[in-house]
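Q: Provided herewith: structure-v9.tsv, TSV, C-alpha atoms.
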chain	number	residue	atom	x	y	z
A	1	MET	CA	-15.53	0.93	-9.52
A	2	THR	CA	-16.66	-2.33	-7.95
A	3	ASP	CA	-20.23	-1.06	-7.75
A	4	ALA	CA	-20.34	-0.47	-11.48
A	5	MET	CA	-19.50	-4.09	-12.26
A	6	GLU	CA	-22.13	-6.57	-13.28
A	7	PRO	CA	-22.62	-8.97	-10.36
A	8	LYS	CA	-21.25	-12.38	-11.24
A	9	PHE	CA	-20.65	-15.03	-8.63
A	10	ASP	CA	-17.27	-16.70	-9.18
A	11	ASP	CA	-16.70	-20.08	-7.55
A	12	VAL	CA	-12.94	-19.87	-7.93
A	13	ILE	CA	-12.69	-16.53	-6.13
A	14	HIS	CA	-15.32	-17.32	-3.52
A	15	ALA	CA	-13.00	-19.48	-1.40
A	16	PRO	CA	-12.14	-17.20	1.56
A	17	ILE	CA	-8.36	-17.22	1.12
A	18	ARG	CA	-8.58	-16.61	-2.61
A	19	LEU	CA	-11.11	-13.85	-2.12
A	20	ARG	CA	-8.72	-12.13	0.28
A	21	ILE	CA	-5.76	-12.62	-2.06
A	22	CYS	CA	-7.69	-10.96	-4.88
A	23	GLY	CA	-8.84	-8.19	-2.53
A	24	MET	CA	-5.26	-7.34	-1.59
A	25	LEU	CA	-4.07	-7.51	-5.17
A	26	GLU	CA	-6.93	-5.30	-6.32
A	27	ALA	CA	-5.69	-2.57	-4.00
A	28	TYR	CA	-1.94	-3.03	-4.48
A	29	GLY	CA	-1.66	-4.58	-7.94
A	30	THR	CA	1.54	-6.49	-7.33
A	31	LEU	CA	2.56	-8.07	-4.05
A	32	ARG	CA	5.34	-10.36	-2.98
A	33	PHE	CA	4.45	-13.86	-1.82
A	34	ASP	CA	5.48	-13.25	1.81
A	35	ALA	CA	3.40	-10.07	2.06
A	36	LEU	CA	0.34	-12.09	1.06
A	37	ARG	CA	1.20	-15.04	3.27
A	38	ASP	CA	1.87	-12.87	6.34
A	39	THR	CA	-1.35	-10.89	5.94
A	40	LEU	CA	-3.39	-14.05	5.38
A	41	ASP	CA	-1.63	-15.70	8.32
A	42	VAL	CA	-1.39	-19.04	6.53
A	43	SER	CA	1.42	-21.46	5.74
A	44	ASP	CA	3.57	-21.27	2.61
A	45	ALA	CA	1.93	-24.40	1.25
A	46	THR	CA	-1.62	-23.10	1.74
A	47	CYS	CA	-0.79	-19.77	0.16
A	48	SER	CA	0.97	-21.47	-2.77
A	49	LYS	CA	-1.96	-23.81	-3.37
A	50	HIS	CA	-4.45	-20.96	-3.61
A	51	LEU	CA	-2.17	-18.88	-5.79
A	52	LYS	CA	-1.72	-21.82	-8.14
A	53	THR	CA	-5.49	-22.21	-8.40
A	54	LEU	CA	-5.86	-18.52	-9.24
A	55	ALA	CA	-2.97	-18.70	-11.72
A	56	ASP	CA	-4.47	-21.78	-13.40
A	57	HIS	CA	-7.63	-19.79	-14.04
A	58	GLY	CA	-5.66	-16.84	-15.38
A	59	TYR	CA	-6.60	-14.53	-12.51
A	60	VAL	CA	-3.04	-13.89	-11.32
A	61	THR	CA	0.42	-14.17	-12.77
A	62	LEU	CA	3.34	-15.48	-10.72
A	63	THR	CA	6.79	-14.15	-11.48
A	64	LYS	CA	10.00	-15.27	-9.86
A	65	LYS	CA	12.60	-12.56	-9.43
A	66	ALA	CA	15.97	-12.40	-7.76
A	67	GLY	CA	16.03	-10.49	-4.50
A	68	GLY	CA	15.62	-13.03	-1.74
A	69	GLY	CA	19.29	-12.88	-0.80
A	70	LYS	CA	21.87	-15.67	-1.25
A	71	GLY	CA	20.66	-16.15	-4.80
A	72	TYR	CA	17.12	-17.10	-3.77
A	73	LYS	CA	14.30	-16.03	-5.99
A	74	VAL	CA	11.11	-14.55	-4.63
A	75	THR	CA	7.67	-14.80	-6.14
A	76	TRP	CA	5.73	-11.69	-7.09
A	77	VAL	CA	2.02	-11.99	-7.65
A	78	ARG	CA	0.08	-9.73	-9.97
A	79	LEU	CA	-3.66	-9.56	-10.58
A	80	THR	CA	-4.55	-9.86	-14.26
A	81	ASP	CA	-7.30	-7.87	-15.95
A	82	ASP	CA	-9.45	-11.00	-16.05
A	83	GLY	CA	-8.81	-11.49	-12.34
A	84	LEU	CA	-9.74	-7.90	-11.60
A	85	ARG	CA	-12.99	-8.17	-13.54
A	86	ALA	CA	-13.87	-11.50	-11.92
A	87	PHE	CA	-13.11	-10.16	-8.45
A	88	GLN	CA	-15.12	-6.98	-8.92
A	89	GLY	CA	-18.04	-8.93	-10.35
A	90	HIS	CA	-17.88	-11.35	-7.44
A	91	VAL	CA	-17.79	-8.55	-4.86
A	92	ALA	CA	-20.81	-6.99	-6.57
A	93	ALA	CA	-22.57	-10.38	-6.32
A	94	LEU	CA	-21.74	-10.61	-2.62
A	95	LYS	CA	-23.14	-7.14	-2.07
A	96	ARG	CA	-26.30	-8.20	-3.85
A	97	ILE	CA	-26.61	-11.20	-1.50
A	98	ILE	CA	-26.07	-8.92	1.49
A	99	ALA	CA	-28.72	-6.53	0.22
A	100	GLY	CA	-31.09	-9.51	0.01
A	101	GLU	CA	-31.73	-9.11	-3.71
B	1	MET	CA	-42.16	-44.16	15.78
B	2	MET	CA	-41.86	-40.99	13.66
B	3	THR	CA	-44.32	-38.29	14.54
B	4	ASP	CA	-44.58	-34.68	13.53
B	5	THR	CA	-44.26	-33.07	16.86
B	6	PRO	CA	-44.97	-29.38	17.18
B	7	ARG	CA	-41.46	-29.06	18.52
B	8	THR	CA	-39.45	-30.06	15.46
B	9	ARG	CA	-41.41	-28.44	12.66
B	10	PRO	CA	-40.98	-24.79	13.70
B	11	THR	CA	-37.22	-25.35	14.06
B	12	GLN	CA	-36.96	-26.57	10.46
B	13	ASP	CA	-38.96	-23.59	9.26
B	14	ASP	CA	-36.71	-21.27	11.20
B	15	ASP	CA	-33.64	-22.83	9.59
B	16	THR	CA	-35.06	-22.29	6.13
B	17	GLU	CA	-35.98	-18.72	6.94
B	18	HIS	CA	-32.64	-17.90	8.53
B	19	ALA	CA	-30.45	-19.52	5.89
B	20	PRO	CA	-30.36	-16.54	3.48
B	21	ARG	CA	-29.80	-14.18	6.40
B	22	ILE	CA	-26.92	-16.27	7.72
B	23	ASP	CA	-25.50	-16.47	4.20
B	24	ALA	CA	-25.71	-12.68	3.87
B	25	LEU	CA	-23.93	-12.30	7.18
B	26	LYS	CA	-21.18	-14.61	5.98
B	27	GLN	CA	-20.72	-12.58	2.81
B	28	LEU	CA	-20.68	-9.41	4.87
B	29	GLN	CA	-17.95	-10.95	7.01
B	30	ALA	CA	-16.03	-11.86	3.86
B	31	LEU	CA	-16.13	-8.27	2.63
B	32	GLN	CA	-15.08	-7.00	6.05
B	33	ASP	CA	-12.14	-9.42	5.87
B	34	LEU	CA	-11.07	-7.72	2.66
B	35	ASP	CA	-11.02	-4.35	4.38
B	36	ALA	CA	-9.10	-5.76	7.35
B	37	ASP	CA	-6.46	-7.07	4.92
B	38	ARG	CA	-6.31	-3.70	3.20
B	39	LEU	CA	-5.69	-2.04	6.56
B	40	ALA	CA	-2.99	-4.57	7.50
B	41	LEU	CA	-1.18	-3.96	4.22
B	42	ALA	CA	-1.43	-0.19	4.61
B	43	GLN	CA	0.15	-0.53	8.05
B	44	ARG	CA	2.90	-2.67	6.55
B	45	GLY	CA	3.49	-0.04	3.86
B	46	GLN	CA	3.55	2.75	6.39
B	47	ARG	CA	6.12	0.92	8.52
B	48	GLY	CA	8.29	0.38	5.43
B	49	HIS	CA	7.95	4.02	4.50
B	50	ALA	CA	8.88	5.16	8.00
B	51	ALA	CA	12.05	3.05	7.81
B	52	MET	CA	12.89	4.68	4.49
B	53	LEU	CA	12.39	8.25	5.64
B	54	LEU	CA	15.51	8.61	7.80
B	55	PRO	CA	18.01	7.63	5.08
B	56	PHE	CA	16.03	9.89	2.77
B	57	ALA	CA	16.49	12.80	5.19
B	58	VAL	CA	20.25	12.15	5.39
B	59	LEU	CA	20.38	12.10	1.60
B	60	GLY	CA	18.43	15.36	1.54
B	61	PHE	CA	20.94	16.95	3.92
B	62	ILE	CA	23.85	15.98	1.65
B	63	VAL	CA	22.16	17.25	-1.50
B	64	ILE	CA	21.13	20.59	0.09
B	65	MET	CA	24.63	20.99	1.51
B	66	LEU	CA	26.14	20.45	-1.93
B	67	TYR	CA	24.34	23.48	-3.32
B	68	TRP	CA	26.41	25.75	-1.10
B	69	PRO	CA	29.76	25.13	-2.89
B	70	PHE	CA	27.88	25.39	-6.15
B	71	GLY	CA	26.85	28.91	-5.08
B	72	LEU	CA	30.44	29.66	-4.07
B	73	MET	CA	31.51	28.74	-7.58
B	74	PHE	CA	29.17	31.31	-9.12
B	75	GLY	CA	30.16	33.85	-6.50
B	76	GLY	CA	33.61	34.36	-7.97
B	77	TYR	CA	35.68	31.70	-6.25
B	78	ILE	CA	37.16	30.62	-9.55
B	79	ASP	CA	39.71	28.22	-8.11
B	80	MET	CA	36.87	25.98	-6.94
B	81	THR	CA	34.86	26.12	-10.15
B	82	TRP	CA	35.54	22.89	-11.98
B	83	ALA	CA	36.15	20.78	-8.93
B	84	MET	CA	32.85	21.93	-7.47
B	85	LEU	CA	30.99	21.54	-10.74
B	86	PHE	CA	32.07	17.95	-11.11
B	87	ALA	CA	31.47	17.29	-7.44
B	88	PHE	CA	27.97	18.68	-7.84
B	89	LEU	CA	27.24	16.59	-10.91
B	90	ALA	CA	28.68	13.47	-9.32
B	91	PHE	CA	26.59	13.94	-6.21
B	92	ALA	CA	23.49	14.74	-8.22
B	93	ILE	CA	23.88	11.40	-9.99
B	94	LEU	CA	24.60	9.70	-6.69
B	95	SER	CA	21.44	11.25	-5.24
B	96	ILE	CA	19.32	9.77	-8.01
B	97	ILE	CA	20.96	6.37	-7.54
B	98	GLY	CA	20.43	6.74	-3.79
B	99	MET	CA	16.74	7.47	-4.33
B	100	LEU	CA	16.35	4.39	-6.49
B	101	LEU	CA	18.14	2.29	-3.88
B	102	LEU	CA	15.84	3.62	-1.18
B	103	MET	CA	12.80	2.74	-3.24
B	104	HIS	CA	14.22	-0.71	-3.85
B	105	ARG	CA	14.76	-1.05	-0.11
B	106	TYR	CA	11.13	-0.12	0.51
B	107	GLN	CA	10.00	-2.74	-1.95
B	108	ARG	CA	12.31	-5.34	-0.43
B	109	GLN	CA	11.20	-4.59	3.13
B	110	THR	CA	7.49	-4.53	2.52
B	111	GLY	CA	7.01	-6.81	-0.49
B	112	MET	CA	4.74	-4.13	-1.90
B	113	ALA	CA	5.20	-2.50	-5.28
B	114	THR	CA	3.37	0.74	-4.49
B	115	TYR	CA	6.18	2.85	-5.89
B	116	PHE	CA	6.67	0.66	-8.94
B	117	GLY	CA	3.27	0.57	-10.56
B	118	GLY	CA	0.80	-0.14	-7.81
B	119	GLY	CA	-2.58	-1.66	-8.51
B	120	LYS	CA	-5.66	0.10	-9.71
B	121	GLY	CA	-6.69	0.38	-6.08
B	122	SER	CA	-3.57	2.27	-5.06
B	123	ARG	CA	-3.88	4.55	-8.09
B	124	ARG	CA	-7.48	5.17	-7.08
B	125	ALA	CA	-6.35	5.86	-3.54
B	126	SER	CA	-3.77	8.28	-4.87
B	127	LEU	CA	-6.44	10.18	-6.81
B	128	LYS	CA	-8.72	10.10	-3.79
B	129	ALA	CA	-5.93	11.40	-1.60
B	130	TRP	CA	-5.66	14.48	-3.82
B	131	HIS	CA	-9.14	15.46	-2.69
B	132	ASN	CA	-7.74	15.76	0.80
B	133	ARG	CA	-6.46	19.30	1.30
B	134	GLY	CA	-3.82	18.15	3.77
B	135	TYR	CA	-2.39	15.69	1.25
B	136	ALA	CA	-2.33	18.23	-1.57
B	137	ALA	CA	-0.83	20.92	0.67
B	138	THR	CA	1.92	18.71	2.09
B	139	TYR	CA	2.71	17.36	-1.39
B	140	ALA	CA	3.04	20.88	-2.78
B	141	LEU	CA	5.14	21.93	0.20
B	142	VAL	CA	7.46	18.94	-0.24
B	143	ILE	CA	8.08	19.94	-3.86
B	144	VAL	CA	8.57	23.62	-2.97
B	145	THR	CA	10.92	22.74	-0.10
B	146	GLU	CA	12.92	20.23	-2.14
B	147	ILE	CA	13.46	22.81	-4.85
B	148	GLY	CA	13.61	25.95	-2.73
B	149	ILE	CA	15.92	25.09	0.15
B	150	PRO	CA	18.84	23.86	-1.99
B	151	TRP	CA	18.65	27.13	-3.94
B	152	LEU	CA	18.60	29.05	-0.67
B	153	ASN	CA	21.87	27.35	0.22
B	154	MET	CA	23.22	28.11	-3.20
B	155	ALA	CA	22.35	31.80	-2.72
B	156	TRP	CA	24.14	31.66	0.62
B	157	GLY	CA	27.22	30.27	-1.12
B	158	TYR	CA	26.93	32.86	-3.88
B	159	HIS	CA	27.25	35.59	-1.28
B	160	GLY	CA	30.28	33.86	0.23
B	161	GLY	CA	28.42	32.56	3.26
B	162	SER	CA	30.18	30.31	5.76
B	163	TRP	CA	29.76	26.52	5.80
B	164	PRO	CA	28.34	26.21	9.36
B	165	VAL	CA	25.31	28.29	8.36
B	166	ALA	CA	25.04	26.29	5.12
B	167	ALA	CA	25.05	23.11	7.21
B	168	LEU	CA	22.37	24.59	9.46
B	169	ILE	CA	20.19	25.43	6.45
B	170	ALA	CA	20.72	21.89	5.11
B	171	LEU	CA	19.82	20.38	8.48
B	172	ALA	CA	16.69	22.50	8.86
B	173	GLY	CA	15.70	21.76	5.26
B	174	SER	CA	16.09	18.01	5.61
B	175	ILE	CA	14.08	18.01	8.85
B	176	VAL	CA	11.27	20.00	7.22
B	177	ILE	CA	11.25	17.65	4.21
B	178	TYR	CA	11.24	14.64	6.56
B	179	LEU	CA	8.25	15.94	8.52
B	180	LEU	CA	6.31	16.94	5.42
B	181	LEU	CA	6.88	13.59	3.75
B	182	GLN	CA	5.87	11.79	6.92
B	183	SER	CA	2.64	13.73	7.09
B	184	ASN	CA	1.99	13.32	3.36
B	185	MET	CA	2.47	9.55	3.36
B	186	ARG	CA	0.41	9.13	6.51
B	187	ILE	CA	-2.54	10.68	4.69
B	188	PHE	CA	-1.85	8.51	1.63
B	189	PHE	CA	-1.78	5.25	3.57
B	190	ARG	CA	-4.85	6.29	5.51
B	191	THR	CA	-6.65	6.70	2.19
B	192	LEU	CA	-5.29	3.37	0.97
B	193	ALA	CA	-6.62	1.69	4.11
B	194	SER	CA	-10.10	3.13	3.77
B	195	PRO	CA	-12.74	0.40	3.39
B	196	SER	CA	-13.62	-0.65	-0.14
B	197	SER	CA	-17.25	-0.95	0.87
B	198	PRO	CA	-17.83	1.86	3.38
B	199	GLU	CA	-21.58	1.33	3.25
B	200	LEU	CA	-21.07	-2.03	4.98
B	201	HIS	CA	-19.28	-0.56	7.97
B	202	ASP	CA	-20.86	1.00	11.00
B	203	ASP	CA	-17.66	2.89	11.68
B	204	THR	CA	-15.89	4.13	8.56
B	205	THR	CA	-12.86	5.65	10.22
B	206	PRO	CA	-9.83	3.77	8.92
B	207	MET	CA	-7.48	5.87	11.01
B	208	THR	CA	-8.53	3.98	14.12
B	209	GLY	CA	-6.51	1.12	12.78
B	210	MET	CA	-3.80	3.23	11.17
B	211	LYS	CA	-2.96	5.00	14.39
B	212	ASP	CA	-2.62	1.81	16.34
B	213	ALA	CA	-0.81	-0.93	14.47
B	214	ALA	CA	-1.75	-3.39	17.18
B	215	ALA	CA	-5.45	-2.67	16.86
B	216	PRO	CA	-7.59	-5.79	16.69
B	217	ARG	CA	-8.73	-6.75	13.25
B	218	SER	CA	-12.39	-6.41	12.46
B	219	ALA	CA	-12.75	-10.00	11.38
B	220	PRO	CA	-11.68	-13.42	12.64
B	221	ARG	CA	-8.50	-14.61	10.99
B	222	ASN	CA	-9.26	-18.29	11.02
B	223	PRO	CA	-10.18	-19.32	7.47
B	224	SER	CA	-12.10	-22.29	8.82
B	225	THR	CA	-14.64	-19.89	10.30
B	226	SER	CA	-14.94	-17.91	7.10
B	227	PRO	CA	-17.89	-17.96	4.75
B	228	ALA	CA	-18.16	-20.76	2.32
B	229	GLY	CA	-15.31	-22.93	3.39
B	230	ASP	CA	-12.59	-23.81	0.92
B	231	PRO	CA	-13.75	-25.98	-1.91
B	232	SER	CA	-10.27	-26.90	-3.00
Can you present the structure in this file as structure tokens?
A:
Amino acid sequence: MTDAMEPKFDDVIHAPIRLRICGMLEAYGTLRFDALRDTLDVSDATCSKHLKTLADHGYVTLTKKAGGGKGYKVTWVRLTDDGLRAFQGHVAALKRIIAGE
Amino acid sequence: MMTDTPRTRPTQDDDTEHAPRIDALKQLQALQDLDADRLALAQRGQRGHAAMLLPFAVLGFIVIMLYWPFGLMFGGYIDMTWAMLFAFLAFAILSIIGMLLLMHRYQRQTGMATYFGGGKGSRRASLKAWHNRGYAATYALVIVTEIGIPWLNMAWGYHGGSWPVAALIALAGSIVIYLLLQSNMRIFFRTLASPSSPELHDDTTPMTGMKDAAAPRSAPRNPSTSPAGDPS
């Protein structure tokens, strides 16, 4: 699927943490904030900052849902279609760089 | 005094020549990071699934066991009919609620929505998993066992069979379902963990990581050492 995409370098996605966030969301669609944070091994603040950047560009949607216990809400992150396209195009561009084209 | 010494010039040329190669290596590392994350999440999902399997097996035992009195009902034990019918219906509804609760528990434990509309990647992995004979066979066997064993217990009840044997059938059935599901999901998560860009890996065997949850990741975890730095 990624290979079929037109290579398009995306500056927003290229930041390492954001690239990894998009990579995880591409595979799993929707993930809870803590699953992303734990896998990235970063602080809450760092993870939030990158998610906000992605959300501001329309690449992910952030939804708060009950389920954190004691009335806390947890954030679920979902990759949008635009985000998916941008990520796949960016990965194709990276592969092109690797191939030396 | 500035002079072009033969010592500095070749170094600058080398830098220029090596820059694209270093950049390519960084991008390669970035893509390998993606696969390492995919593996870590698959391991997380597999752990969550393993925690869910035991309550599922207990639930399976109860449901299979309930088919026995249902069989008794059809076998001519009229005095039990309505009580058993309603008990069966009540437990059938409870089983469905139980299943939903288990799935909710999985989602809560792992933070992954695989069972509630996973991403395109997980749907792709699911389709890919069907090409694996083991996955297809265990999936089919799970369905056959889930449908077949309860009816076996019902037949036992129909013929007036005793409850200890019915309990034994239920126990054996739930263990078989447990083992089949375990095997089935192991194959699924292995597929989910397979690298997105296998052509970039020397070793494309994702199970190395899936077997050993403590296996070292293929890429450094420190974002400061990652490719382009963080512009934000």
Q: Just want the 6 Å neighbourhood of segment 165-168 of chain B, counted on only C-alpha atoms, with same-chain residues fewer than 3 positions away dropped. Output as a PyMOL selection string.
A: chain B and resi 153+162+171
Q: I'd like the interatomic distance between atom CA of Leu54 of chain A and atom CA of Glu26 of chain A, to a tenth of an Å.
A: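 Those two atoms sit 13.6 Å apart.
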Q: Select, from A:Leu62, A:Cys47, A:Ala92, A:Leu25, the residue with the minimum atom-to-atom distance to Thr75 of chain A, counting all atoms listed in the file.
A: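 The closest residue to Thr75 of chain A is A:Leu62.
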Q: Fewer than 2 positions away in the same chain doesn't count, so skip those; otherwise give me all residues within 6 Å of Ala193 of chain B, counting only C-alpha atoms, as a PyMOL selection string.
A: chain B and resi 38-39+42+190-191
Q: Between atom CA of Gly157 of chain B and atom CA of Pro69 of chain B, what is the spacing in Å?
A: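 A separation of 6.0 Å between them.
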Q: Do a neighbour search on Met185 of chain B at 10 Å with only C-alpha atoms, toss out local chain neighbours closer than 2 positions, and write the hits as number ranges by chain.
A: B: 45-46, 49-50, 129, 135, 138-139, 180-183, 187-191
Q: Please save C-alpha atoms of the selected residues as a PDB file, in the coordinates of the input.
A:
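The file below, out25.pdb, is the result:
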ATOM      1  CA  GLY B  45       3.490  -0.040   3.860  1.00  0.00           C
ATOM      2  CA  GLN B  46       3.550   2.750   6.390  1.00  0.00           C
ATOM      3  CA  HIS B  49       7.950   4.020   4.500  1.00  0.00           C
ATOM      4  CA  ALA B  50       8.880   5.160   8.000  1.00  0.00           C
ATOM      5  CA  ALA B 129      -5.930  11.400  -1.600  1.00  0.00           C
ATOM      6  CA  TYR B 135      -2.390  15.690   1.250  1.00  0.00           C
ATOM      7  CA  THR B 138       1.920  18.710   2.090  1.00  0.00           C
ATOM      8  CA  TYR B 139       2.710  17.360  -1.390  1.00  0.00           C
ATOM      9  CA  LEU B 180       6.310  16.940   5.420  1.00  0.00           C
ATOM     10  CA  LEU B 181       6.880  13.590   3.750  1.00  0.00           C
ATOM     11  CA  GLN B 182       5.870  11.790   6.920  1.00  0.00           C
ATOM     12  CA  SER B 183       2.640  13.730   7.090  1.00  0.00           C
ATOM     13  CA  ILE B 187      -2.540  10.680   4.690  1.00  0.00           C
ATOM     14  CA  PHE B 188      -1.850   8.510   1.630  1.00  0.00           C
ATOM     15  CA  PHE B 189      -1.780   5.250   3.570  1.00  0.00           C
ATOM     16  CA  ARG B 190      -4.850   6.290   5.510  1.00  0.00           C
ATOM     17  CA  THR B 191      -6.650   6.700   2.190  1.00  0.00           C
TER      18      THR B 191
END
Q: Where atoms are missing, can you supply N, CA, C and O atoms for segment 86-101 of chain A and output the lot as a JSON list (two decimals), keeping the file's coordinate frame?
A:
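And here's selection17.json as it stands now:
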[["chain", "number", "residue", "atom", "x", "y", "z"],
["A", 86, "ALA", "N", -13.18, -10.42, -12.64],
["A", 86, "ALA", "CA", -13.87, -11.50, -11.92],
["A", 86, "ALA", "C", -14.06, -11.12, -10.45],
["A", 86, "ALA", "O", -15.13, -11.35, -9.88],
["A", 87, "PHE", "N", -13.02, -10.54, -9.86],
["A", 87, "PHE", "CA", -13.11, -10.16, -8.45],
["A", 87, "PHE", "C", -14.18, -9.08, -8.25],
["A", 87, "PHE", "O", -15.01, -9.19, -7.34],
["A", 88, "GLN", "N", -14.16, -8.08, -9.09],
["A", 88, "GLN", "CA", -15.12, -6.98, -8.92],
["A", 88, "GLN", "C", -16.56, -7.47, -9.14],
["A", 88, "GLN", "O", -17.47, -7.06, -8.43],
["A", 89, "GLY", "N", -16.71, -8.36, -10.12],
["A", 89, "GLY", "CA", -18.04, -8.93, -10.35],
["A", 89, "GLY", "C", -18.49, -9.76, -9.16],
["A", 89, "GLY", "O", -19.66, -9.72, -8.77],
["A", 90, "HIS", "N", -17.55, -10.50, -8.58],
["A", 90, "HIS", "CA", -17.88, -11.35, -7.44],
["A", 90, "HIS", "C", -18.26, -10.51, -6.22],
["A", 90, "HIS", "O", -19.23, -10.82, -5.52],
["A", 91, "VAL", "N", -17.48, -9.44, -5.99],
["A", 91, "VAL", "CA", -17.79, -8.55, -4.86],
["A", 91, "VAL", "C", -19.18, -7.93, -5.05],
["A", 91, "VAL", "O", -19.96, -7.83, -4.10],
["A", 92, "ALA", "N", -19.48, -7.56, -6.29],
["A", 92, "ALA", "CA", -20.81, -6.99, -6.57],
["A", 92, "ALA", "C", -21.90, -8.03, -6.27],
["A", 92, "ALA", "O", -22.96, -7.69, -5.73],
["A", 93, "ALA", "N", -21.60, -9.31, -6.60],
["A", 93, "ALA", "CA", -22.57, -10.38, -6.32],
["A", 93, "ALA", "C", -22.75, -10.57, -4.82],
["A", 93, "ALA", "O", -23.87, -10.77, -4.34],
["A", 94, "LEU", "N", -21.65, -10.48, -4.09],
["A", 94, "LEU", "CA", -21.74, -10.61, -2.62],
["A", 94, "LEU", "C", -22.58, -9.48, -2.04],
["A", 94, "LEU", "O", -23.39, -9.69, -1.15],
["A", 95, "LYS", "N", -22.37, -8.29, -2.57],
["A", 95, "LYS", "CA", -23.14, -7.14, -2.07],
["A", 95, "LYS", "C", -24.63, -7.33, -2.36],
["A", 95, "LYS", "O", -25.48, -6.93, -1.57],
["A", 96, "ARG", "N", -24.90, -7.96, -3.49],
["A", 96, "ARG", "CA", -26.30, -8.20, -3.85],
["A", 96, "ARG", "C", -26.91, -9.20, -2.85],
["A", 96, "ARG", "O", -28.06, -9.03, -2.43],
["A", 97, "ILE", "N", -26.12, -10.22, -2.48],
["A", 97, "ILE", "CA", -26.61, -11.20, -1.50],
["A", 97, "ILE", "C", -26.88, -10.50, -0.17],
["A", 97, "ILE", "O", -27.89, -10.70, 0.48],
["A", 98, "ILE", "N", -25.94, -9.64, 0.21],
["A", 98, "ILE", "CA", -26.07, -8.92, 1.49],
["A", 98, "ILE", "C", -27.33, -8.03, 1.48],
["A", 98, "ILE", "O", -28.05, -7.93, 2.46],
["A", 99, "ALA", "N", -27.55, -7.42, 0.32],
["A", 99, "ALA", "CA", -28.72, -6.53, 0.22],
["A", 99, "ALA", "C", -30.03, -7.32, 0.16],
["A", 99, "ALA", "O", -31.11, -6.74, 0.21],
["A", 100, "GLY", "N", -29.90, -8.66, 0.03],
["A", 100, "GLY", "CA", -31.09, -9.51, 0.01],
["A", 100, "GLY", "C", -31.81, -9.48, -1.31],
["A", 100, "GLY", "O", -33.01, -9.77, -1.38],
["A", 101, "GLU", "N", -31.08, -9.16, -2.38],
["A", 101, "GLU", "CA", -31.73, -9.11, -3.71],
["A", 101, "GLU", "C", -31.74, -10.49, -4.35],
["A", 101, "GLU", "O", -30.90, -11.31, -4.08]]
